[in-house]
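Take a look at the structure set out below.
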Amino acid sequence: ARAAAGQLARAGRPAKDRALKAAAAALRAGQDTLLAANAADLEASPDLSPAFRDRLVLNPARIAAMAQGLEDVAALPDPVGHVLAEWTRPNGLVMRRVAQPLGVIGMIYESRPNVTADAAALCLKAGSAVLLRGGSEGARSSDAIHACIAAGLREAGLPEAAVQMAPSQDRAFVGAMLRASGLIDLIIPRGGKGLVKRVLEEARVPVLAHAEGLNHTYIHAAANPTMAREILANAKMRRTGVCGATETLLIDAAIAPELLPLLVADLAALGCGFKGDERARSILPALPVATEADFGTEWLDALLNIKVVDGLDSALAHIRRFGSEHTDAIVTEDAAVATSFLNGLDSAVGMWNASTQFCDGGEFGFGAEIGIATGRLHARGPVGLEQLCTYRYHVIGTGQVRA
C-alpha cells in the first residue's frame, strides 16, 4: 500500500478518473454477481435487525447509485496539487500551501457494502492508498465490489495495491491496523458506538472519528406547520437506519398543543413509534414514557423521542446534553432565531428548514463520503476529497539567500 500510495501521489487526474469510470462500468456489468454475493451475505445472517439489514442490502438501484457515485467523484476537480493559499514575502519569496495526499488510509467499517465503493473512490481520487476492513456480515458483497474497483485500476494502469481488502475478518487484524504507526497514516472508523469507542481507545495511529447520529429536529414557534410536518416525516422515516436520521423531536411549548398531534399522526401512519416526555404526554397521554436513557439513544429504527421545550435556549441545552455533534436542524420562519440556533450548535452540520437526512456527502456535492467527522479536528461533517488531503508548502525564490 505504501508503494502504491507513492505512485498514486504522482498519478495525474486522467489516470485516476479512468480508473473510477472503468470501475463504475464494472459495477454495472457485474450486477448479477454483486446481487448473488449480497444474497449469500443476507442468508448467512438471518437474525439481523431491520435497520442493520437495510444497511446491508444491495439492490439494482443501490448498485446503480454506487456506480454513479464513482463517476461523480471522477467529475470532481483533482484536489492533489491544489494551491490552498499563496502569498509573497517582502524578500520576494512566494509561499504556497499546496494540498497533498495523506498516504495510506485504513478504513474500518461495519456492514454497509457501499462504503467499499465510496471509500475506494474518494481515497483514489485524493491520491491515497486505502486498506478496507468491512464488517464480516457484508464480506462477500464487499469482496465483489472490490473486484470491480481492482478491474478499474488495472484498466487505468494504476497499482491494484492502491485499494486492498483486509485479508482477515479476525478482530485481531483490526487491532493490528490500529497499532500500525508508520505504516498507516490515518484510521477512519465508520460504524456504531462500540466500533468507534474501540478505535479511539486502542489506536496508535491518528483517527478521524465518525460519530453516531443522535440528531434532533427542533420545530420553533415560528415554524410553517406544513413545512414542519413534511420535514419531520422525511427526517425520521425516509431511511431510519442511516446516521442522518432524526432521533429526537424538540417542539416549542407555544405550538405543541395544536401541532404535535398532527406530527404524531403523520409519523404513526408511516409506521413510527414514539417516546414522549411528561409535557408531550400531557398533550397525547397514549405516548409511552421517554426516559433520560431514551434521549441518549440512537435508535436507527422507526422510533422517535419527543420533548416539549421552552424556546431556543431550552432546545440548545437539550442538544448539548444529549446530542452527538452530528446533525441538528431547526424549522422556523424567523431568520434571527435560525441564525442563533446555527451559531449555538457544536454539531458538525446545522440545518435550517431542511431534513437532517441531507447530511450526506453526495448531497453536499462531494460525490460520495466515508463518514461524518465530528470533534475539533480539521475535518467536520461529511468526509470527501478535501478532507482526505493534508498540505505542505512550496517556497519559490529567485535566488534569495538568508542572512
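How things are named: the first chain in the C-alpha cells is A, the next is B, and so on; residues count from 1 in each chain; ligands count from 1 in the order shown.
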
- helix (DSSP H, G or I) call set, DSSP backbone run, segment 37-246 of chain A, as a VMD selection string: chain A and resid 37 to 44 50 to 56 60 to 75 114 to 125 136 to 155 160 to 162 171 to 178 193 to 202 225 to 237

- If you count only C-alpha atoms, which residues fall within 8 Å of Arg18 of chain A, apart from same-chain ones fewer than 4 positions away, as a ChimeraX atom specification? /A:14,22,74,152,155-156

Those residues with N, CA and C atoms, as an mmCIF file, in the first residue's frame please?
data_model
loop_
_atom_site.group_PDB
_atom_site.id
_atom_site.type_symbol
_atom_site.label_atom_id
_atom_site.label_comp_id
_atom_site.auth_asym_id
_atom_site.auth_seq_id
_atom_site.Cartn_x
_atom_site.Cartn_y
_atom_site.Cartn_z
ATOM 1 N N PRO A 14 -6.083 12.259 -15.235
ATOM 2 C CA PRO A 14 -6.651 11.364 -16.251
ATOM 3 C C PRO A 14 -6.625 9.891 -15.851
ATOM 4 N N ALA A 22 -13.921 3.180 -15.212
ATOM 5 C CA ALA A 22 -13.880 1.757 -15.544
ATOM 6 C C ALA A 22 -14.462 0.916 -14.412
ATOM 7 N N ALA A 74 -15.214 11.074 -10.159
ATOM 8 C CA ALA A 74 -14.331 11.312 -11.304
ATOM 9 C C ALA A 74 -14.541 12.715 -11.887
ATOM 10 N N GLY A 152 -10.976 -1.653 -12.458
ATOM 11 C CA GLY A 152 -10.785 -0.277 -12.897
ATOM 12 C C GLY A 152 -9.341 0.168 -12.777
ATOM 13 N N GLU A 155 -7.308 -1.404 -15.605
ATOM 14 C CA GLU A 155 -7.565 -0.779 -16.905
ATOM 15 C C GLU A 155 -6.858 0.563 -17.036
ATOM 16 N N ALA A 156 -6.699 1.265 -15.915
ATOM 17 C CA ALA A 156 -6.051 2.579 -15.954
ATOM 18 C C ALA A 156 -4.544 2.499 -15.765
#

- Item | Surrounding residues of segment 110-117 of chain A excluding itself and chain neighbours under 2 positions, 8 Å, only C-alpha atoms, as number ranges by chain | A: 52, 55-58, 66, 70, 108, 119-121, 132, 134-138, 141-142, 145-146, 149, 190-192, 370

- Restricting the calculation to only C-alpha atoms, which member of A:Trp299, A:Tyr218, A:Phe341, A:Phe322 is positioned closest to Thr356 of chain A? A:Tyr218

Could I get the residues of segment 256-335 of chain A with an atom no further than 6 Å from an atom of segment 240-248 of chain A, each paired with its nearest atom pair and that distance in Å to one decimal, using only C-alpha atoms, sorted by chain and residue number, as CSV?
residue,atom,partner,partner_atom,distance
A:Leu300,CA,A:Gly241,CA,4.3
A:Asp301,CA,A:Thr240,CA,5.0
A:Ala302,CA,A:Thr240,CA,6.0
A:Leu304,CA,A:Glu247,CA,5.4
A:Asn305,CA,A:Thr248,CA,4.5
A:Ile306,CA,A:Thr248,CA,5.7

- Message: Using DSSP assignments from the backbone, pull out every residue in segment 163-345 of chain A that falls under strand (DSSP E) and give it to me as number ranges by chain.
- Response: A: 163-165, 186-190, 215-219, 246-252, 273-276, 303-309, 327-331

- Item | Top pick for closest residue to Ala11 of chain A, considering A:Ser128, A:Gln31, A:Ser45, A:Ser168 and counting only C-alpha atoms |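 Counting only C-alpha atoms, the residue closest to Ala11 of chain A is A:Ser128.
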
- One-decimal distance in Å that lies between atom CA of Val196 of chain A and atom CA of Ile330 of chain A: 27.7 Å

- Item | Pairwise distance for atom CA of Gly12 of chain A and atom CA of Pro101 of chain A, rounded to one decimal in Å |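 Between atom CA of Gly12 of chain A and atom CA of Pro101 of chain A the gap is 12.6 Å.
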
- Message: To one decimal place in Å, what is the distance between atom CA of Arg2 of chain A and atom CA of Gly103 of chain A?
- Response: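 Those two atoms sit 7.0 Å apart.
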
- Item | Given only C-alpha atoms as the counted atoms, nearest of A:Pro46, A:Pro167, A:Gly384, A:Gly371 to Cys123 of chain A |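 Among the listed residues, A:Gly384 lies closest to Cys123 of chain A.
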
Find the residues around segment 267-282 of chain A up to 12 Å (only C-alpha atoms counted), leave out those fewer than 3 positions away in its own chain, and share them as a PDB file with N, CA, C and O atoms, in the first residue's frame.
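Output (part_2.pdb):
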ATOM      1  N   ARG A 229     -44.263  19.534   9.170  1.00  0.00           N
ATOM      2  CA  ARG A 229     -44.755  18.165   9.050  1.00  0.00           C
ATOM      3  C   ARG A 229     -44.001  17.408   7.958  1.00  0.00           C
ATOM      4  O   ARG A 229     -43.618  16.233   8.138  1.00  0.00           O
ATOM      5  N   GLU A 230     -43.766  18.054   6.842  1.00  0.00           N
ATOM      6  CA  GLU A 230     -43.078  17.381   5.739  1.00  0.00           C
ATOM      7  C   GLU A 230     -41.616  17.097   6.080  1.00  0.00           C
ATOM      8  O   GLU A 230     -41.103  16.004   5.801  1.00  0.00           O
ATOM      9  N   ILE A 231     -40.955  18.064   6.694  1.00  0.00           N
ATOM     10  CA  ILE A 231     -39.544  17.880   7.032  1.00  0.00           C
ATOM     11  C   ILE A 231     -39.376  16.774   8.067  1.00  0.00           C
ATOM     12  O   ILE A 231     -38.509  15.898   7.932  1.00  0.00           O
ATOM     13  N   LEU A 232     -40.180  16.784   9.118  1.00  0.00           N
ATOM     14  CA  LEU A 232     -40.020  15.778  10.164  1.00  0.00           C
ATOM     15  C   LEU A 232     -40.294  14.371   9.639  1.00  0.00           C
ATOM     16  O   LEU A 232     -39.560  13.429   9.967  1.00  0.00           O
ATOM     17  N   ALA A 233     -41.321  14.218   8.826  1.00  0.00           N
ATOM     18  CA  ALA A 233     -41.629  12.893   8.281  1.00  0.00           C
ATOM     19  C   ALA A 233     -40.456  12.357   7.468  1.00  0.00           C
ATOM     20  O   ALA A 233     -40.095  11.181   7.569  1.00  0.00           O
ATOM     21  N   ASN A 234     -39.824  13.218   6.694  1.00  0.00           N
ATOM     22  CA  ASN A 234     -38.676  12.802   5.906  1.00  0.00           C
ATOM     23  C   ASN A 234     -37.458  12.550   6.781  1.00  0.00           C
ATOM     24  O   ASN A 234     -36.742  11.551   6.623  1.00  0.00           O
ATOM     25  N   ALA A 235     -37.207  13.463   7.732  1.00  0.00           N
ATOM     26  CA  ALA A 235     -36.022  13.363   8.584  1.00  0.00           C
ATOM     27  C   ALA A 235     -36.024  12.082   9.410  1.00  0.00           C
ATOM     28  O   ALA A 235     -34.973  11.505   9.688  1.00  0.00           O
ATOM     29  N   LYS A 236     -37.211  11.632   9.799  1.00  0.00           N
ATOM     30  CA  LYS A 236     -37.295  10.417  10.613  1.00  0.00           C
ATOM     31  C   LYS A 236     -37.455   9.156   9.771  1.00  0.00           C
ATOM     32  O   LYS A 236     -36.781   8.156  10.011  1.00  0.00           O
ATOM     33  N   MET A 237     -38.335   9.200   8.762  1.00  0.00           N
ATOM     34  CA  MET A 237     -38.800   7.954   8.170  1.00  0.00           C
ATOM     35  C   MET A 237     -38.297   7.667   6.764  1.00  0.00           C
ATOM     36  O   MET A 237     -38.549   6.576   6.247  1.00  0.00           O
ATOM     37  N   ARG A 238     -37.587   8.599   6.105  1.00  0.00           N
ATOM     38  CA  ARG A 238     -37.093   8.292   4.763  1.00  0.00           C
ATOM     39  C   ARG A 238     -36.260   7.013   4.795  1.00  0.00           C
ATOM     40  O   ARG A 238     -36.508   6.074   4.059  1.00  0.00           O
ATOM     41  N   ARG A 239     -35.242   7.001   5.631  1.00  0.00           N
ATOM     42  CA  ARG A 239     -34.492   5.774   5.926  1.00  0.00           C
ATOM     43  C   ARG A 239     -34.110   5.857   7.396  1.00  0.00           C
ATOM     44  O   ARG A 239     -33.304   6.713   7.786  1.00  0.00           O
ATOM     45  N   THR A 240     -34.672   4.999   8.199  1.00  0.00           N
ATOM     46  CA  THR A 240     -34.453   5.097   9.645  1.00  0.00           C
ATOM     47  C   THR A 240     -33.080   4.596  10.066  1.00  0.00           C
ATOM     48  O   THR A 240     -32.612   4.932  11.156  1.00  0.00           O
ATOM     49  N   GLU A 247     -33.528  11.480  15.515  1.00  0.00           N
ATOM     50  CA  GLU A 247     -33.907  10.570  16.600  1.00  0.00           C
ATOM     51  C   GLU A 247     -34.790  11.250  17.643  1.00  0.00           C
ATOM     52  O   GLU A 247     -35.510  10.582  18.377  1.00  0.00           O
ATOM     53  N   THR A 248     -34.718  12.578  17.724  1.00  0.00           N
ATOM     54  CA  THR A 248     -35.496  13.310  18.730  1.00  0.00           C
ATOM     55  C   THR A 248     -36.149  14.537  18.106  1.00  0.00           C
ATOM     56  O   THR A 248     -35.490  15.316  17.410  1.00  0.00           O
ATOM     57  N   LEU A 249     -37.433  14.691  18.376  1.00  0.00           N
ATOM     58  CA  LEU A 249     -38.172  15.897  18.023  1.00  0.00           C
ATOM     59  C   LEU A 249     -38.211  16.815  19.239  1.00  0.00           C
ATOM     60  O   LEU A 249     -38.625  16.399  20.321  1.00  0.00           O
ATOM     61  N   LEU A 250     -37.797  18.056  19.042  1.00  0.00           N
ATOM     62  CA  LEU A 250     -37.967  19.109  20.031  1.00  0.00           C
ATOM     63  C   LEU A 250     -39.003  20.080  19.472  1.00  0.00           C
ATOM     64  O   LEU A 250     -38.885  20.519  18.330  1.00  0.00           O
ATOM     65  N   ILE A 251     -40.018  20.407  20.255  1.00  0.00           N
ATOM     66  CA  ILE A 251     -41.081  21.284  19.768  1.00  0.00           C
ATOM     67  C   ILE A 251     -41.414  22.320  20.824  1.00  0.00           C
ATOM     68  O   ILE A 251     -41.483  22.016  22.020  1.00  0.00           O
ATOM     69  N   ASP A 252     -41.574  23.564  20.378  1.00  0.00           N
ATOM     70  CA  ASP A 252     -41.863  24.649  21.313  1.00  0.00           C
ATOM     71  C   ASP A 252     -43.226  24.456  21.976  1.00  0.00           C
ATOM     72  O   ASP A 252     -44.214  24.078  21.318  1.00  0.00           O
ATOM     73  N   ALA A 253     -43.257  24.765  23.255  1.00  0.00           N
ATOM     74  CA  ALA A 253     -44.497  24.608  24.023  1.00  0.00           C
ATOM     75  C   ALA A 253     -45.626  25.466  23.462  1.00  0.00           C
ATOM     76  O   ALA A 253     -46.799  25.082  23.538  1.00  0.00           O
ATOM     77  N   ALA A 254     -45.308  26.605  22.860  1.00  0.00           N
ATOM     78  CA  ALA A 254     -46.341  27.515  22.364  1.00  0.00           C
ATOM     79  C   ALA A 254     -47.169  26.909  21.235  1.00  0.00           C
ATOM     80  O   ALA A 254     -48.338  27.265  21.053  1.00  0.00           O
ATOM     81  N   ILE A 255     -46.572  25.992  20.465  1.00  0.00           N
ATOM     82  CA  ILE A 255     -47.291  25.408  19.324  1.00  0.00           C
ATOM     83  C   ILE A 255     -47.577  23.919  19.503  1.00  0.00           C
ATOM     84  O   ILE A 255     -48.284  23.327  18.687  1.00  0.00           O
ATOM     85  N   ALA A 256     -47.038  23.323  20.558  1.00  0.00           N
ATOM     86  CA  ALA A 256     -47.169  21.872  20.732  1.00  0.00           C
ATOM     87  C   ALA A 256     -48.616  21.392  20.835  1.00  0.00           C
ATOM     88  O   ALA A 256     -48.962  20.364  20.229  1.00  0.00           O
ATOM     89  N   PRO A 257     -49.520  22.071  21.573  1.00  0.00           N
ATOM     90  CA  PRO A 257     -50.883  21.524  21.702  1.00  0.00           C
ATOM     91  C   PRO A 257     -51.590  21.339  20.361  1.00  0.00           C
ATOM     92  O   PRO A 257     -52.338  20.367  20.183  1.00  0.00           O
ATOM     93  N   GLU A 258     -51.360  22.252  19.414  1.00  0.00           N
ATOM     94  CA  GLU A 258     -52.028  22.134  18.119  1.00  0.00           C
ATOM     95  C   GLU A 258     -51.238  21.286  17.128  1.00  0.00           C
ATOM     96  O   GLU A 258     -51.817  20.492  16.373  1.00  0.00           O
ATOM     97  N   LEU A 259     -49.903  21.442  17.094  1.00  0.00           N
ATOM     98  CA  LEU A 259     -49.108  20.818  16.040  1.00  0.00           C
ATOM     99  C   LEU A 259     -48.657  19.401  16.382  1.00  0.00           C
ATOM    100  O   LEU A 259     -48.584  18.545  15.488  1.00  0.00           O
ATOM    101  N   LEU A 260     -48.342  19.143  17.635  1.00  0.00           N
ATOM    102  CA  LEU A 260     -47.799  17.825  17.983  1.00  0.00           C
ATOM    103  C   LEU A 260     -48.746  16.683  17.601  1.00  0.00           C
ATOM    104  O   LEU A 260     -48.290  15.662  17.053  1.00  0.00           O
ATOM    105  N   PRO A 261     -50.058  16.770  17.861  1.00  0.00           N
ATOM    106  CA  PRO A 261     -50.930  15.659  17.440  1.00  0.00           C
ATOM    107  C   PRO A 261     -50.873  15.391  15.937  1.00  0.00           C
ATOM    108  O   PRO A 261     -50.939  14.233  15.509  1.00  0.00           O
ATOM    109  N   LEU A 262     -50.717  16.439  15.137  1.00  0.00           N
ATOM    110  CA  LEU A 262     -50.624  16.258  13.689  1.00  0.00           C
ATOM    111  C   LEU A 262     -49.317  15.577  13.306  1.00  0.00           C
ATOM    112  O   LEU A 262     -49.284  14.687  12.440  1.00  0.00           O
ATOM    113  N   LEU A 263     -48.230  15.991  13.937  1.00  0.00           N
ATOM    114  CA  LEU A 263     -46.928  15.387  13.661  1.00  0.00           C
ATOM    115  C   LEU A 263     -46.930  13.903  14.014  1.00  0.00           C
ATOM    116  O   LEU A 263     -46.434  13.058  13.245  1.00  0.00           O
ATOM    117  N   VAL A 264     -47.462  13.587  15.169  1.00  0.00           N
ATOM    118  CA  VAL A 264     -47.514  12.189  15.608  1.00  0.00           C
ATOM    119  C   VAL A 264     -48.398  11.359  14.682  1.00  0.00           C
ATOM    120  O   VAL A 264     -48.055  10.224  14.313  1.00  0.00           O
ATOM    121  N   PRO A 285     -51.702  11.605  25.917  1.00  0.00           N
ATOM    122  CA  PRO A 285     -51.468  10.686  27.050  1.00  0.00           C
ATOM    123  C   PRO A 285     -51.093   9.261  26.633  1.00  0.00           C
ATOM    124  O   PRO A 285     -50.487   8.532  27.428  1.00  0.00           O
ATOM    125  N   ALA A 286     -51.425   8.857  25.419  1.00  0.00           N
ATOM    126  CA  ALA A 286     -51.120   7.488  24.998  1.00  0.00           C
ATOM    127  C   ALA A 286     -49.644   7.284  24.653  1.00  0.00           C
ATOM    128  O   ALA A 286     -49.200   6.146  24.467  1.00  0.00           O
ATOM    129  N   LEU A 287     -48.875   8.365  24.588  1.00  0.00           N
ATOM    130  CA  LEU A 287     -47.450   8.210  24.264  1.00  0.00           C
ATOM    131  C   LEU A 287     -46.729   7.431  25.364  1.00  0.00           C
ATOM    132  O   LEU A 287     -46.894   7.745  26.549  1.00  0.00           O
ATOM    133  N   PRO A 288     -45.899   6.451  25.006  1.00  0.00           N
ATOM    134  CA  PRO A 288     -45.052   5.803  26.012  1.00  0.00           C
ATOM    135  C   PRO A 288     -44.088   6.809  26.633  1.00  0.00           C
ATOM    136  O   PRO A 288     -43.734   7.819  26.012  1.00  0.00           O
ATOM    137  N   VAL A 289     -43.656   6.532  27.849  1.00  0.00           N
ATOM    138  CA  VAL A 289     -42.780   7.446  28.579  1.00  0.00           C
ATOM    139  C   VAL A 289     -41.362   7.398  28.018  1.00  0.00           C
ATOM    140  O   VAL A 289     -40.799   6.324  27.801  1.00  0.00           O
ATOM    141  N   ALA A 290     -40.776   8.570  27.806  1.00  0.00           N
ATOM    142  CA  ALA A 290     -39.372   8.676  27.408  1.00  0.00           C
ATOM    143  C   ALA A 290     -38.513   8.901  28.642  1.00  0.00           C
ATOM    144  O   ALA A 290     -38.773   9.804  29.439  1.00  0.00           O
ATOM    145  N   THR A 291     -37.485   8.066  28.798  1.00  0.00           N
ATOM    146  CA  THR A 291     -36.541   8.208  29.905  1.00  0.00           C
ATOM    147  C   THR A 291     -35.324   9.016  29.448  1.00  0.00           C
ATOM    148  O   THR A 291     -35.136   9.267  28.252  1.00  0.00           O
ATOM    149  N   GLU A 292     -34.479   9.387  30.399  1.00  0.00           N
ATOM    150  CA  GLU A 292     -33.236  10.070  30.022  1.00  0.00           C
ATOM    151  C   GLU A 292     -32.388   9.187  29.122  1.00  0.00           C
ATOM    152  O   GLU A 292     -31.750   9.663  28.187  1.00  0.00           O
ATOM    153  N   ALA A 293     -32.373   7.883  29.410  1.00  0.00           N
ATOM    154  CA  ALA A 293     -31.601   6.966  28.569  1.00  0.00           C
ATOM    155  C   ALA A 293     -32.132   6.957  27.140  1.00  0.00           C
ATOM    156  O   ALA A 293     -31.354   6.854  26.177  1.00  0.00           O
ATOM    157  N   ASP A 294     -33.445   7.076  26.978  1.00  0.00           N
ATOM    158  CA  ASP A 294     -34.019   7.110  25.634  1.00  0.00           C
ATOM    159  C   ASP A 294     -33.514   8.312  24.845  1.00  0.00           C
ATOM    160  O   ASP A 294     -33.186   8.206  23.659  1.00  0.00           O
ATOM    161  N   PHE A 295     -33.439   9.471  25.509  1.00  0.00           N
ATOM    162  CA  PHE A 295     -32.981  10.668  24.820  1.00  0.00           C
ATOM    163  C   PHE A 295     -31.508  10.576  24.424  1.00  0.00           C
ATOM    164  O   PHE A 295     -31.041  11.327  23.566  1.00  0.00           O
ATOM    165  N   THR A 297     -30.234   7.736  23.132  1.00  0.00           N
ATOM    166  CA  THR A 297     -30.142   6.533  22.314  1.00  0.00           C
ATOM    167  C   THR A 297     -30.322   6.857  20.836  1.00  0.00           C
ATOM    168  O   THR A 297     -31.261   7.553  20.446  1.00  0.00           O
ATOM    169  N   TRP A 299     -31.608   5.344  17.850  1.00  0.00           N
ATOM    170  CA  TRP A 299     -32.481   4.192  17.611  1.00  0.00           C
ATOM    171  C   TRP A 299     -32.175   3.507  16.285  1.00  0.00           C
ATOM    172  O   TRP A 299     -32.269   2.292  16.186  1.00  0.00           O
ATOM    173  N   LEU A 300     -31.880   4.274  15.241  1.00  0.00           N
ATOM    174  CA  LEU A 300     -31.709   3.697  13.900  1.00  0.00           C
ATOM    175  C   LEU A 300     -32.894   2.804  13.547  1.00  0.00           C
ATOM    176  O   LEU A 300     -32.752   1.736  12.944  1.00  0.00           O
ATOM    177  N   ASP A 301     -34.057   3.233  13.938  1.00  0.00           N
ATOM    178  CA  ASP A 301     -35.271   2.451  13.765  1.00  0.00           C
ATOM    179  C   ASP A 301     -36.463   3.414  13.738  1.00  0.00           C
ATOM    180  O   ASP A 301     -36.310   4.617  13.964  1.00  0.00           O
ATOM    181  N   ALA A 302     -37.639   2.876  13.499  1.00  0.00           N
ATOM    182  CA  ALA A 302     -38.849   3.698  13.418  1.00  0.00           C
ATOM    183  C   ALA A 302     -39.363   4.029  14.812  1.00  0.00           C
ATOM    184  O   ALA A 302     -40.445   3.619  15.231  1.00  0.00           O
ATOM    185  N   LEU A 303     -38.574   4.785  15.551  1.00  0.00           N
ATOM    186  CA  LEU A 303     -38.899   5.184  16.912  1.00  0.00           C
ATOM    187  C   LEU A 303     -38.367   6.590  17.127  1.00  0.00           C
ATOM    188  O   LEU A 303     -37.210   6.879  16.806  1.00  0.00           O
ATOM    189  N   LEU A 304     -39.219   7.470  17.664  1.00  0.00           N
ATOM    190  CA  LEU A 304     -38.870   8.879  17.808  1.00  0.00           C
ATOM    191  C   LEU A 304     -39.075   9.338  19.240  1.00  0.00           C
ATOM    192  O   LEU A 304     -40.143   9.132  19.824  1.00  0.00           O
ATOM    193  N   ASN A 305     -38.043   9.986  19.804  1.00  0.00           N
ATOM    194  CA  ASN A 305     -38.197  10.657  21.095  1.00  0.00           C
ATOM    195  C   ASN A 305     -38.861  12.011  20.869  1.00  0.00           C
ATOM    196  O   ASN A 305     -38.608  12.678  19.861  1.00  0.00           O
ATOM    197  N   ILE A 306     -39.677  12.442  21.826  1.00  0.00           N
ATOM    198  CA  ILE A 306     -40.347  13.744  21.725  1.00  0.00           C
ATOM    199  C   ILE A 306     -40.167  14.504  23.037  1.00  0.00           C
ATOM    200  O   ILE A 306     -40.410  13.954  24.121  1.00  0.00           O
ATOM    201  N   LYS A 307     -39.748  15.767  22.924  1.00  0.00           N
ATOM    202  CA  LYS A 307     -39.613  16.617  24.094  1.00  0.00           C
ATOM    203  C   LYS A 307     -40.179  17.994  23.778  1.00  0.00           C
ATOM    204  O   LYS A 307     -39.864  18.581  22.736  1.00  0.00           O
ATOM    205  N   VAL A 308     -41.001  18.510  24.672  1.00  0.00           N
ATOM    206  CA  VAL A 308     -41.539  19.862  24.558  1.00  0.00           C
ATOM    207  C   VAL A 308     -40.581  20.812  25.266  1.00  0.00           C
ATOM    208  O   VAL A 308     -40.182  20.570  26.416  1.00  0.00           O
ATOM    209  N   VAL A 309     -40.178  21.886  24.583  1.00  0.00           N
ATOM    210  CA  VAL A 309     -39.174  22.808  25.130  1.00  0.00           C
ATOM    211  C   VAL A 309     -39.737  24.228  25.197  1.00  0.00           C
ATOM    212  O   VAL A 309     -40.723  24.558  24.537  1.00  0.00           O
ATOM    213  N   ASP A 310     -39.067  25.049  25.982  1.00  0.00           N
ATOM    214  CA  ASP A 310     -39.482  26.440  26.151  1.00  0.00           C
ATOM    215  C   ASP A 310     -38.568  27.365  25.360  1.00  0.00           C
ATOM    216  O   ASP A 310     -37.824  28.175  25.913  1.00  0.00           O
TER     217      ASP A 310
END

- Message: Which residues are close to Ala67 of chain A, i.e. within 8 Å by only C-alpha atoms, leaving aside same-chain residues fewer than 5 positions away? Reply as a PyMOL selection string.
- Response: chain A and resi 23-25+27-28
